[in-house]
$ cat data.cif   # mmCIF, C-alpha atoms
data_data
loop_
_atom_site.label_atom_id
_atom_site.label_comp_id
_atom_site.auth_asym_id
_atom_site.auth_seq_id
_atom_site.Cartn_x
_atom_site.Cartn_y
_atom_site.Cartn_z
CA LEU F 1 86.39 105.48 64.13
CA ALA F 2 83.85 107.67 65.94
CA GLN F 3 81.10 109.93 64.65
CA SER F 4 81.93 112.79 67.03
CA ARG F 5 84.71 114.11 69.22
CA ASP F 6 82.80 113.20 72.38
CA LEU F 7 82.35 109.62 71.19
CA ALA F 8 86.02 109.40 70.19
CA ILE F 9 87.04 110.54 73.69
CA LYS F 10 84.70 108.00 75.29
CA LYS F 11 86.09 105.18 73.15
CA SER F 12 89.64 106.25 73.97
CA ILE F 13 88.89 106.26 77.70
CA ASP F 14 87.29 102.81 77.49
CA ALA F 15 90.30 101.49 75.57
CA LEU F 16 92.79 102.90 78.08
CA LYS F 17 90.82 101.45 81.02
CA ASN F 18 91.16 98.03 79.40
CA TYR F 19 94.85 98.43 78.56
CA HIS F 20 96.99 97.13 81.42
CA ILE F 21 100.77 97.17 81.68
CA GLN F 22 101.97 96.16 85.12
CA GLY F 23 105.39 96.03 86.73
CA ILE F 24 106.68 99.22 85.08
CA ARG F 25 105.58 102.85 85.17
CA THR F 26 103.37 104.00 82.29
CA ASN F 27 101.48 107.17 81.37
CA ILE F 28 98.10 105.41 81.04
CA SER F 29 96.65 107.18 84.08
CA PHE F 30 97.91 110.52 82.78
CA LEU F 31 96.31 109.96 79.38
CA LEU F 32 93.03 108.86 80.97
CA HIS F 33 92.71 112.03 83.00
CA LEU F 34 94.01 114.23 80.20
CA LEU F 35 91.10 113.03 78.05
CA LYS F 36 88.68 113.99 80.83
CA THR F 37 89.85 117.60 81.24
CA PRO F 38 87.23 120.21 80.20
CA ALA F 39 89.80 121.96 78.02
CA PHE F 40 90.52 118.80 76.04
CA GLU F 41 86.81 117.96 75.74
CA LYS F 42 86.21 121.45 74.26
CA ASN F 43 89.27 121.13 71.99
CA ALA F 44 90.80 124.18 73.68
CA ILE F 45 94.33 122.87 73.29
CA SER F 46 97.68 124.22 72.24
CA THR F 47 101.37 123.30 72.40
CA LYS F 48 101.32 124.55 76.02
CA PHE F 49 98.48 122.24 77.02
CA CYS F 50 100.64 119.94 79.18
CA ASP F 51 102.48 122.88 80.74
CA ASP F 52 99.18 124.45 81.74
CA HIS F 53 97.32 121.32 82.88
CA THR F 54 99.82 118.72 84.13
CA GLU F 55 99.62 119.76 87.79
CA ALA F 56 95.82 119.57 87.79
CA ILE F 57 95.89 116.22 85.98
CA ILE F 58 98.28 114.78 88.57
CA GLN F 59 95.97 115.96 91.35
CA ASP F 60 93.05 114.27 89.58
CA ILE F 61 95.04 111.03 89.32
CA ARG F 62 95.76 111.06 93.06
CA ALA F 63 92.13 111.84 93.89
CA ALA F 64 90.88 109.02 91.64
CA ARG F 65 93.27 106.54 93.23
CA GLU F 66 92.13 107.57 96.71
CA LYS F 67 88.51 107.18 95.62
CA VAL F 68 89.15 103.59 94.54
CA GLY F 69 91.20 103.05 97.70
CA ASP F 70 93.53 100.34 98.96
CA HIS F 71 90.47 98.48 100.25
CA ALA F 72 89.22 97.75 96.72
CA ALA F 73 92.59 96.30 95.70
CA ILE F 74 92.75 94.26 98.92
CA LEU F 75 89.27 92.86 98.39
CA ALA F 76 90.07 92.01 94.76
CA LEU F 77 93.12 90.02 95.82
CA ALA F 78 91.25 88.40 98.72
CA LEU F 79 88.45 87.28 96.37
CA HIS F 80 91.02 85.97 93.91
CA ASP F 81 92.87 83.91 96.51
CA LEU F 82 89.71 82.64 98.22
CA ASN F 83 88.20 81.38 94.99
CA LEU F 84 91.29 79.96 93.29
CA THR F 85 92.64 77.81 96.11
CA GLN F 86 91.91 74.16 96.62
CA PHE F 87 89.95 74.40 99.87
CA GLN F 88 87.68 77.24 98.78
CA LYS F 89 86.12 75.68 95.69
CA PRO F 90 82.32 75.25 95.95
CA GLY F 91 81.22 71.88 97.20
CA ASN F 92 84.47 70.95 98.90
CA VAL F 93 84.61 68.97 102.12
CA TRP F 94 85.45 72.04 104.21
CA GLU F 95 82.24 73.80 103.25
CA ALA F 96 80.34 70.59 104.00
CA ILE F 97 81.86 70.46 107.48
CA GLY F 98 80.95 74.05 108.24
CA PHE F 99 81.75 77.71 107.77
CA TRP F 100 84.38 77.66 110.54
CA ARG F 101 86.98 76.71 107.92
CA ASN F 102 86.29 79.96 106.03
CA LEU F 103 86.60 82.27 109.04
CA LEU F 104 90.11 83.23 108.10
CA THR F 105 92.32 86.27 108.41
CA MET F 106 94.65 87.55 105.71
CA THR F 107 97.28 90.25 106.10
CA PHE F 108 98.29 92.59 103.28
CA SER F 109 100.91 95.29 102.99
CA ALA F 110 100.63 98.29 100.69
CA GLY F 111 103.87 100.22 100.94
CA GLU F 112 104.37 101.04 104.60
CA LYS F 113 100.73 100.34 105.47
CA LYS F 114 99.52 96.97 106.74
CA TYR F 115 95.93 95.77 106.62
CA GLN F 116 94.41 92.85 108.52
CA THR F 117 91.48 91.47 106.57
CA ARG F 118 88.91 89.02 107.95
CA LEU F 119 86.28 87.09 106.05
CA LEU F 120 83.17 87.42 108.22
CA SER F 121 80.65 85.55 106.09
CA ARG F 122 80.16 83.97 102.72
CA LYS F 123 76.88 82.98 101.06
CA GLY F 124 77.44 81.90 97.49
CA ARG F 125 78.87 84.97 95.73
CA LEU F 126 78.05 87.35 98.57
CA TYR F 127 80.82 88.11 101.02
CA GLN F 128 81.31 90.26 104.07
CA PHE F 129 84.83 91.36 104.98
CA ASP F 130 86.34 93.36 107.79
CA ILE F 131 89.42 95.46 107.00
CA GLU F 132 90.93 97.10 110.07
CA GLY F 133 87.53 97.35 111.78
CA ARG F 134 85.54 98.54 108.76
CA GLN F 135 83.04 96.16 107.16
CA TYR F 136 82.47 95.76 103.43
CA ASP F 137 79.65 93.93 101.66
CA VAL F 138 81.00 92.42 98.46
CA SER F 139 79.31 90.71 95.51
CA LEU F 140 81.48 88.62 93.20
CA LYS F 141 80.53 88.49 89.53
CA SER F 142 83.45 86.52 88.09
CA VAL F 143 87.04 85.60 88.86
CA ASP F 144 89.90 83.95 87.01
CA ASN F 145 93.68 83.94 87.21
CA ARG F 146 94.01 87.51 85.92
CA CYS F 147 90.73 89.30 86.50
CA VAL F 148 88.22 89.86 89.32
CA ASP F 149 84.85 91.44 88.55
CA PHE F 150 83.04 92.49 91.72
CA SER F 151 80.99 95.14 93.52
CA ILE F 152 81.45 96.80 96.90
CA CYS F 153 78.22 98.27 98.26
CA ASN F 154 76.86 98.60 94.68
CA ASN F 155 80.07 100.22 93.36
CA HIS F 156 81.33 98.11 90.47
CA TYR F 157 85.03 97.31 89.96
CA LYS F 158 87.03 95.24 87.53
CA ALA F 159 90.53 94.41 88.75
CA VAL F 160 93.36 93.06 86.60
CA ILE F 161 95.96 91.15 88.60
CA SER F 162 99.53 90.02 87.93
CA PHE F 163 102.02 88.38 90.25
CA GLU F 164 105.77 88.75 90.74
CA ARG F 165 108.15 86.07 92.04
CA ASP F 166 109.05 88.28 95.00
CA GLY F 167 105.47 88.07 96.32
CA ARG F 168 104.27 91.46 95.07
CA THR F 169 100.90 91.62 93.35
CA PHE F 170 100.11 94.37 90.84
CA ILE F 171 96.44 95.32 90.68
CA GLY F 172 94.90 97.74 88.20
CA ILE F 173 91.40 99.14 88.84
CA ASP F 174 89.85 101.89 86.71
CA GLY F 175 93.22 103.25 85.67
CA ALA F 176 94.60 103.25 89.24
CA ASP F 177 97.53 100.98 90.04
CA PHE F 178 98.19 99.29 93.38
CA VAL F 179 100.99 97.07 94.66
CA LEU F 180 100.12 94.64 97.45
CA LYS F 181 101.88 91.81 99.21
CA ARG F 182 100.38 89.11 101.37
CA THR F 183 102.38 88.83 104.57
CA ASP F 184 100.51 85.87 106.06
CA ILE F 185 102.03 83.31 103.68
CA LEU F 186 105.54 82.44 102.60
CA LEU F 187 106.76 82.30 99.04
CA SER F 188 107.22 78.82 97.62
CA ASP F 189 110.86 79.60 96.78
CA GLU F 190 111.81 81.18 100.12
CA ASP F 191 115.05 79.88 101.66
CA TYR F 192 114.59 77.50 104.58
CA PHE F 193 117.39 75.81 106.42
CA LEU F 194 118.18 73.03 108.85
CA SER F 195 119.94 73.80 112.09
CA ASP F 196 121.64 71.73 114.77
CA ASP F 197 120.51 74.30 117.34
CA GLY F 198 117.09 74.34 118.98
CA PRO F 199 114.92 71.57 120.38
CA GLY F 200 116.49 68.82 118.25
CA GLU F 201 118.81 68.03 115.39
CA ASN F 202 117.74 68.84 111.87
CA SER F 203 115.01 71.23 113.08
CA LEU F 204 113.42 73.19 110.25
CA PHE F 205 113.49 76.98 110.58
CA ALA F 206 111.65 79.48 108.37
CA PRO F 207 112.58 83.18 108.02
CA MET F 208 109.08 84.17 109.22
CA PRO F 209 108.09 81.81 112.07
CA GLY F 210 104.41 81.23 112.64
CA LYS F 211 103.44 81.85 109.02
CA VAL F 212 101.52 79.44 106.83
CA ILE F 213 103.84 77.85 104.31
CA LYS F 214 102.19 77.74 100.93
#
$ encode --input "data.cif" --output "structure tokens"
Amino acid sequence: LAQSRDLAIKKSIDALKNYHIQGIRTNISFLLHLLKTPAFEKNAISTKFCDDHTEAIIQDIRAAREKVGDHAAILALALHDLNLTQFQKPGNVWEAIGFWRNLLTMTFSAGEKKYQTRLLSRKGRLYQFDIEGRQYDVSLKSVDNRCVDFSICNNHYKAVISFERDGRTFIGIDGADFVLKRTDILLSDEDYFLSDDGPGENSLFAPMPGKVIK
């Protein structure tokens, strides 16, 4: 319950931002931006509301997604993978040897676009990344299997992440949905085969040569 219409709208927006369904299309983004329209805020609605405002709402959805940007989703997934893998846990032998182990490059695809992402530096929870020549200063607040809470240049984001068996990763940030895929690793259930051809018998071939096998 809310004491006013404005408070009810705010609570509804907060609830929708924290309601994540990934892997299928939903109308969560539409509802979020519908609640933010001036006409709805003023209660100037009728049975023709959607007919009159849908086009503008869709434009707002696209603008909001562009404002978040692929880079935020990429950085969320990069932070997730860096912090939840064996060799990146604090105090491990690789960090004791030196930062050279962490100077790695990851490659992501978002639809037809591909992004090369490099970790330039890491000091505790402060990171510096390079994505296609553009640098980002990132502060990590928390990370677990499903959620990454972080800031990019003082802009705060909370990403909810889910994984598919085909390698796709669904990432939701502030009502915007992104689908990424890491192309620098192979899936654990990819098909590999032995061949009598090549440099020797029983040589192992992978469908993407030169990739790191996870």
$ atom_distance --input "data.cif" --atom1 "atom CA of F:Arg65" --atom2 "atom CA of F:Ile173"
8.8 Å
$ atom_distance --input "data.cif" --atom1 "atom CA of F:Ser29" --atom2 "atom CA of F:Ile171"
13.6 Å
$ closest_atom_pairs --input "data.cif" --of "stretch 97-184 of chain F" --to "stretch 31-50 of chain F" --cutoff "12 Å" --atoms "only C-alpha atoms" --output "tab-separated table"
residue	atom	partner	partner_atom	distance
F:Asp174	CA	F:Leu32	CA	9.6
F:Gly175	CA	F:Leu32	CA	7.3
F:Ala176	CA	F:Leu32	CA	10.1
$ residues_around --input "data.cif" --residues "stretch 153-156 of chain F" --least-positions-apart "3" --cutoff "10 Å" --atoms "all atoms listed in the file" --output "PyMOL selection string"
chain F and resi 68+136-141+149-150
$ closest_residue --input "data.cif" --among "F:Ala64, F:Arg25, F:Phe108, F:Ala72" --to "F:Ala159" --atoms "only C-alpha atoms"
F:Ala72
$ closest_residue --input "data.cif" --among "F:Ala8, F:Gly23, F:Leu126, F:Leu16" --to "F:Asp166" --atoms "only C-alpha atoms"
F:Gly23
$ resolve_selection --input "data.cif" --expression "the PyMOL selection byres ((chain F and resi 147) around 10)" --output "JSON, numbers by chain"
{"F": [76, 77, 80, 142, 143, 144, 145, 146, 148, 149, 150, 158, 159, 160, 161, 162, 171, 172]}
$ closest_residue --input "data.cif" --among "F:Lys181, F:Ile61, F:Tyr157, F:Leu82" --to "F:Glu112" --atoms "all atoms listed in the file"
F:Lys181
$ closest_residue --input "data.cif" --among "F:Ile21, F:Leu180, F:Ile28, F:Ile185" --to "F:Thr105" --atoms "only C-alpha atoms"
F:Ile185
$ residues_near_point --input "data.cif" --point "(93.7, 92.1, 105.5)" --cutoff "8 Å" --atoms "only C-alpha atoms" --output "list in words"
Ile74, Thr105, Met106, Thr107, Phe108, Lys114, Tyr115, Gln116, Thr117, Arg118, Asp130, Ile131 and Glu132 of chain F
$ write_last_selection --input "data.cif" --atoms "C-alpha atoms" --output "PDB file, in the coordinates of the input"
ATOM      1  CA  ILE F  74      92.750  94.260  98.920  1.00  0.00           C
ATOM      2  CA  THR F 105      92.320  86.270 108.410  1.00  0.00           C
ATOM      3  CA  MET F 106      94.650  87.550 105.710  1.00  0.00           C
ATOM      4  CA  THR F 107      97.280  90.250 106.100  1.00  0.00           C
ATOM      5  CA  PHE F 108      98.290  92.590 103.280  1.00  0.00           C
ATOM      6  CA  LYS F 114      99.520  96.970 106.740  1.00  0.00           C
ATOM      7  CA  TYR F 115      95.930  95.770 106.620  1.00  0.00           C
ATOM      8  CA  GLN F 116      94.410  92.850 108.520  1.00  0.00           C
ATOM      9  CA  THR F 117      91.480  91.470 106.570  1.00  0.00           C
ATOM     10  CA  ARG F 118      88.910  89.020 107.950  1.00  0.00           C
ATOM     11  CA  ASP F 130      86.340  93.360 107.790  1.00  0.00           C
ATOM     12  CA  ILE F 131      89.420  95.460 107.000  1.00  0.00           C
ATOM     13  CA  GLU F 132      90.930  97.100 110.070  1.00  0.00           C
TER      14      GLU F 132
END
$ atom_distance --input "data.cif" --atom1 "atom CA of F:Asn83" --atom2 "atom CA of F:Leu119"
12.6 Å
